[in-house]
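Let me begin by presenting the structure, written as structure tokens, before commenting on it.
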Amino acid sequence: MSTLREIIHENVREGELYEKLDRNWVRCFACGHCCKIPDGQPGVCKVRYNQGGTLFVPWGYVGGVQCDPVEKKPFFHAHPGALAYSFGMLGCDLHCAYCQNWVTSQALRDPAAAVGPMRVTPAELVLDAIRQGGRVIVSTYNEPLITSEWAVVVFKEARAAGLVTGFVSNGNGTPQVLEYLRPWVDLYKVDLKSFDDRHYRQLGGRLQPILDTIRRLHEMGFWLEIVTLVIPGFNDSDDELTRLAWFLAGVSPDIPWHVTAFHKDYKMTDPENTSPETLIRAAEIGKKAGLRYVYAGNLPGQVGDLENTRCSNCKTLLIERFGYLIRGYHLTANGCCPSCGSSIPGKWASAFQGQVTAHPFVPRTRSRSDLLVLNS
Amino acid sequence: MAYIIAEPCIGTKDSACVDVCPVDCIHPAKGRNYDDGRPTYDEVPLLYIDPTECIDCGACVPVCPVTAIFAQEDLPEKWHAYIEINKNYVDSGKFQPDKYQKPGS
């Protein structure tokens with residue numbers, strides 16, 4: 001059986017997000033690390049590598065595919081109730097100790113994280129998405145920025161088929177990668193994990209490129225939502241949450257901010273799971289900073305009104321949620337409040353088309369065998 | 001945790017690690033003058049990793065021609081003194097003249 005590294009190296013093509021330097025070195029622009037890579041070495045993500053002065057990047061496979069409610073990504077202001085066909089590749093430019101997708105994200109760093117990639121074409125993926133009832137298609141699970149070339153070719157096919165496209169990302173971007181993605185990506189979720197550069201360094205990155213990316217995403221017109229996983233003792237101080245919320249409100253008070261509950265995972269098992277009280281406190285900080293749409297996630301039914309969308313002008317209840325389940329939808333066909341007529345920021349369908357099923361949100365059971373398992 | 005540069009760097013100072021570091025936390029860089037009075041590349045016996053700036057990406061490890069760089073948990077026992085030696089050169093990017101010492105001096 002081939003090793004994971006061999007499989008990865010068989011499923012590549014030349015990247016587009018890089019420049020050639022002298023001595024056969026290259027500089028990659030896919031993520032905020034902007035790795036300068038010598039011949040024969042990979043970048044920090046370990047999936048983009050330099051061979052003979054050419055940067056090779058992941059191509060033609062997925063590490064995981066699943067159909068989820070779009071609310072799980074989470075996008076709350078984009079096509080509520082839609083199924084989001086979610087695919088990922090392998091690898092990440094960070095190494096968060098609490099990663100909930102570490103089996104795919106750390107596949108090339110941690111021998112305990114082994115998954116078998118499946119070889120696919122963009123057309124097969126899009127056909128599968130449509131067959132399963134997906135209206136949105138997102139690149140997620142691993143960090144999509146480091147596999148942007150593949151995402152774009154899939155999204156070109158998806159757009160032609162009428163699907164909405166999205167990235168679920170850590171936001172460690174560059175101006176180059178955002179320009180590259182802009183024509184093909186509609187929705188963009190950034191996981192803003194902390195507002196402290198020292199914390200970001202523990203996770204393997206820096207704060208500044210992420211803040212720059214958030215500003216750019218908003219200016220460039222991506223539909224942006226922000227998530228912060230609130231981890232007791234790591235990023236839940238009033239001071240840090242306040243600075244983070246003020247930053248977001250300064251970019252735009254219309255950016256939805258999701259504060260979500262941590263559960264023990266991967267190597268981070270010391271902090272307690274996040275309590276509803278902590279999430280509610282974080283959400284209050286966000287509202288006080290001026291953010292108009294703040295949501296508390298991962299604790300359905302325990303956070304009062306913080307799962308719902310209300311009109312920021314007249315407080316009319318617009319979308320009622322329980323976890324990922326939409327219980328009520330009252331927006332007008334053009335995305336306005338039915339009471340006061342205020343336009344609600346977001347990407348709204350002309351009508352709520354229902355959710356395929358309430359629980360467990362799997363429209364149709366199917367086996368993974370539709371797609372060829374590479375290392376079987 | 002951070003990565004540590006140990007004894008094999010002494011007298012080698014190859015600098016490939018400085019070139020690949022995505023966060024510029026390995027010092028002193030060749031040809032660079034620092035305005036905080038720290039010694040330049042030519043004046044140090046080995047290179048140092050700033051432990052507060054290091055993001056633990058490990059990019060420096062495979063490019064070192066003399067295998068001088070280790071994750072702290074993989075650092076051979078005999079070179080544990082280099083944890084302090086790296087830390088004492090720069091802390092948060094700031095040169096520590098009172099703590100900086102050449103190894104063996």
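A note on labels: chains of the structure tokens are A, B, ... as shown, every chain counts residues from 1, and ligands are counted from 1 in their shown order.
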Check every residue of chain A for an atom within 9 Å of chain B, counting only C-alpha atoms, and provide those that qualify as an mmCIF file with N, CA and C atoms, in the first residue's frame.
```cif
data_model
loop_
_atom_site.group_PDB
_atom_site.id
_atom_site.type_symbol
_atom_site.label_atom_id
_atom_site.label_comp_id
_atom_site.auth_asym_id
_atom_site.auth_seq_id
_atom_site.Cartn_x
_atom_site.Cartn_y
_atom_site.Cartn_z
ATOM 1 N N GLY A 32 -1.032 33.127 4.275
ATOM 2 C CA GLY A 32 -0.307 34.238 4.879
ATOM 3 C C GLY A 32 1.130 33.924 5.274
ATOM 4 N N HIS A 33 1.516 32.665 5.284
ATOM 5 C CA HIS A 33 2.919 32.343 5.572
ATOM 6 C C HIS A 33 3.836 32.781 4.428
ATOM 7 N N CYS A 34 3.302 32.825 3.213
ATOM 8 C CA CYS A 34 4.101 33.179 2.022
ATOM 9 C C CYS A 34 5.443 32.446 2.024
ATOM 10 N N CYS A 35 5.399 31.149 2.174
ATOM 11 C CA CYS A 35 6.619 30.345 2.315
ATOM 12 C C CYS A 35 7.572 30.545 1.145
ATOM 13 N N LYS A 36 8.842 30.722 1.495
ATOM 14 C CA LYS A 36 9.923 30.687 0.516
ATOM 15 C C LYS A 36 10.450 29.263 0.581
ATOM 16 N N ILE A 37 10.328 28.535 -0.520
ATOM 17 C CA ILE A 37 10.553 27.087 -0.458
ATOM 18 C C ILE A 37 11.710 26.667 -1.359
ATOM 19 N N PRO A 38 12.729 26.035 -0.778
ATOM 20 C CA PRO A 38 13.833 25.539 -1.619
ATOM 21 C C PRO A 38 13.432 24.287 -2.398
ATOM 22 N N GLN A 41 11.598 20.727 -1.141
ATOM 23 C CA GLN A 41 10.936 20.863 0.157
ATOM 24 C C GLN A 41 9.468 21.255 -0.015
ATOM 25 N N PRO A 42 8.637 20.917 0.997
ATOM 26 C CA PRO A 42 7.260 21.417 1.004
ATOM 27 C C PRO A 42 7.182 22.738 1.760
ATOM 28 N N GLY A 43 6.066 23.447 1.613
ATOM 29 C CA GLY A 43 5.807 24.608 2.451
ATOM 30 C C GLY A 43 5.348 24.161 3.838
ATOM 31 N N VAL A 44 5.005 25.133 4.673
ATOM 32 C CA VAL A 44 4.568 24.822 6.038
ATOM 33 C C VAL A 44 3.347 23.896 6.027
ATOM 34 N N CYS A 45 2.478 24.033 5.026
ATOM 35 C CA CYS A 45 1.254 23.210 4.935
ATOM 36 C C CYS A 45 1.562 21.754 4.610
ATOM 37 N N ASP A 93 -2.262 24.995 7.165
ATOM 38 C CA ASP A 93 -1.093 25.834 7.429
ATOM 39 C C ASP A 93 -0.944 26.147 8.915
ATOM 40 N N LEU A 94 -1.950 25.808 9.718
ATOM 41 C CA LEU A 94 -1.844 25.950 11.179
ATOM 42 C C LEU A 94 -1.817 24.556 11.805
ATOM 43 N N HIS A 95 -1.626 24.507 13.130
ATOM 44 C CA HIS A 95 -1.662 23.208 13.814
ATOM 45 C C HIS A 95 -2.325 23.356 15.178
ATOM 46 N N ARG A 198 0.230 36.295 20.444
ATOM 47 C CA ARG A 198 0.928 35.172 21.092
ATOM 48 C C ARG A 198 0.092 33.898 21.012
ATOM 49 N N TYR A 200 -2.049 33.201 18.628
ATOM 50 C CA TYR A 200 -1.978 32.739 17.241
ATOM 51 C C TYR A 200 -0.672 32.007 16.965
ATOM 52 N N ARG A 201 0.419 32.482 17.548
ATOM 53 C CA ARG A 201 1.703 31.801 17.328
ATOM 54 C C ARG A 201 1.675 30.384 17.898
ATOM 55 N N GLN A 202 0.965 30.190 19.013
ATOM 56 C CA GLN A 202 0.827 28.826 19.554
ATOM 57 C C GLN A 202 0.082 27.918 18.576
ATOM 58 N N LEU A 203 -0.793 28.505 17.776
ATOM 59 C CA LEU A 203 -1.574 27.711 16.820
ATOM 60 C C LEU A 203 -0.844 27.587 15.482
ATOM 61 N N GLY A 204 0.298 28.298 15.363
ATOM 62 C CA GLY A 204 1.086 28.168 14.145
ATOM 63 C C GLY A 204 0.904 29.289 13.149
ATOM 64 N N GLY A 205 0.411 30.440 13.580
ATOM 65 C CA GLY A 205 0.252 31.557 12.644
ATOM 66 C C GLY A 205 0.498 32.888 13.317
ATOM 67 N N ARG A 206 0.099 33.959 12.646
ATOM 68 C CA ARG A 206 0.190 35.310 13.206
ATOM 69 C C ARG A 206 -1.180 35.968 13.070
#
```
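Across chain B, DSSP run on the backbone finds alpha helix (DSSP H) at Ala16, Cys17, Val18, Asp19, Val20, Cys60, Val61, Pro62, Val63, Ala81, Tyr82, Ile83, Glu84, Ile85, Asn86, Lys87, Asn88 and Tyr89 of chain B.
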Just write the chosen residues, C-alpha atoms, as a short mmCIF file (atom, residue, chain, number, x, y, z; two decimals), in the first residue's frame.
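Contents of result_23.cif, freshly written:
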```cif
data_model
loop_
_atom_site.label_atom_id
_atom_site.label_comp_id
_atom_site.auth_asym_id
_atom_site.auth_seq_id
_atom_site.Cartn_x
_atom_site.Cartn_y
_atom_site.Cartn_z
CA ALA B 16 19.02 28.41 4.92
CA CYS B 17 16.82 28.38 8.02
CA VAL B 18 16.69 32.18 8.03
CA ASP B 19 15.58 32.14 4.38
CA VAL B 20 12.73 29.67 4.91
CA CYS B 60 13.78 25.24 9.30
CA VAL B 61 14.46 21.64 10.32
CA PRO B 62 14.83 19.87 6.94
CA VAL B 63 16.86 22.67 5.33
CA ALA B 81 21.57 24.17 27.54
CA TYR B 82 20.74 25.53 24.08
CA ILE B 83 17.11 26.11 25.13
CA GLU B 84 18.31 28.95 27.38
CA ILE B 85 20.98 30.04 24.92
CA ASN B 86 18.36 30.58 22.20
CA LYS B 87 15.96 32.28 24.59
CA ASN B 88 18.64 34.53 26.06
CA TYR B 89 19.70 35.98 22.73
#
```
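Taking only C-alpha atoms into account, A:Lys315 lies nearest to A:Pro338 out of the set A:Pro300, A:Pro117, A:Pro338, A:Pro345.
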Selection: 9 Å around A:Trp25, only C-alpha atoms, excl. self and same-chain fewer than 3 positions, as a ChimeraX atom specification: /A:19-22,36-39,50,52-54
Dump of N, CA and C atoms for the selected residues, as a short mmCIF file (atom, residue, chain, number, x, y, z; two decimals), in the first residue's frame:
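To be explicit, this is the file written out as again-v5.cif:
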```cif
data_model
loop_
_atom_site.label_atom_id
_atom_site.label_comp_id
_atom_site.auth_asym_id
_atom_site.auth_seq_id
_atom_site.Cartn_x
_atom_site.Cartn_y
_atom_site.Cartn_z
N GLU A 19 5.53 32.39 -7.20
CA GLU A 19 6.50 32.98 -8.14
C GLU A 19 7.80 32.21 -8.03
N LYS A 20 8.51 32.19 -9.16
CA LYS A 20 9.80 31.50 -9.18
C LYS A 20 10.89 32.46 -8.73
N LEU A 21 11.83 31.96 -7.92
CA LEU A 21 12.95 32.77 -7.45
C LEU A 21 14.24 32.16 -8.00
N ASP A 22 15.36 32.77 -7.71
CA ASP A 22 16.62 32.19 -8.21
C ASP A 22 16.97 30.93 -7.42
N LYS A 36 8.84 30.72 1.50
CA LYS A 36 9.92 30.69 0.52
C LYS A 36 10.45 29.26 0.58
N ILE A 37 10.33 28.53 -0.52
CA ILE A 37 10.55 27.09 -0.46
C ILE A 37 11.71 26.67 -1.36
N PRO A 38 12.73 26.04 -0.78
CA PRO A 38 13.83 25.54 -1.62
C PRO A 38 13.43 24.29 -2.40
N ASP A 39 14.18 24.00 -3.43
CA ASP A 39 13.93 22.82 -4.25
C ASP A 39 13.92 21.57 -3.37
N ASN A 50 7.93 22.19 -3.68
CA ASN A 50 8.79 22.62 -4.78
C ASN A 50 9.58 21.43 -5.30
N GLY A 52 12.17 20.90 -8.42
CA GLY A 52 12.90 21.43 -9.58
C GLY A 52 12.53 22.86 -9.94
N GLY A 53 12.09 23.63 -8.93
CA GLY A 53 11.76 25.03 -9.19
C GLY A 53 10.32 25.24 -9.63
N THR A 54 9.52 24.17 -9.60
CA THR A 54 8.08 24.27 -9.89
C THR A 54 7.31 23.94 -8.62
#
```
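Distance-wise, atom CA of A:Gly250 and atom CA of A:Phe167 end up 22.7 Å apart.
Between atom CA of A:Thr174 and atom CA of A:Gln208 lies a distance of 10.9 Å.
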Strand (DSSP E or B) per DSSP on the backbone: members of stretch 15-86 of chain B, as a list of chain:residue names: B:Ile26, B:His27, B:Tyr48, B:Ile49, B:Ile69, B:Phe70, B:Ala71
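Excluding B:Asp14 itself and any same-chain residue fewer than 6 positions from it, the protein and nucleic acid residues within 10 Å of it, counting only C-alpha atoms, are Lys30, Leu46, Leu47, Val63, Cys64, Pro65 and Val66 of chain B.
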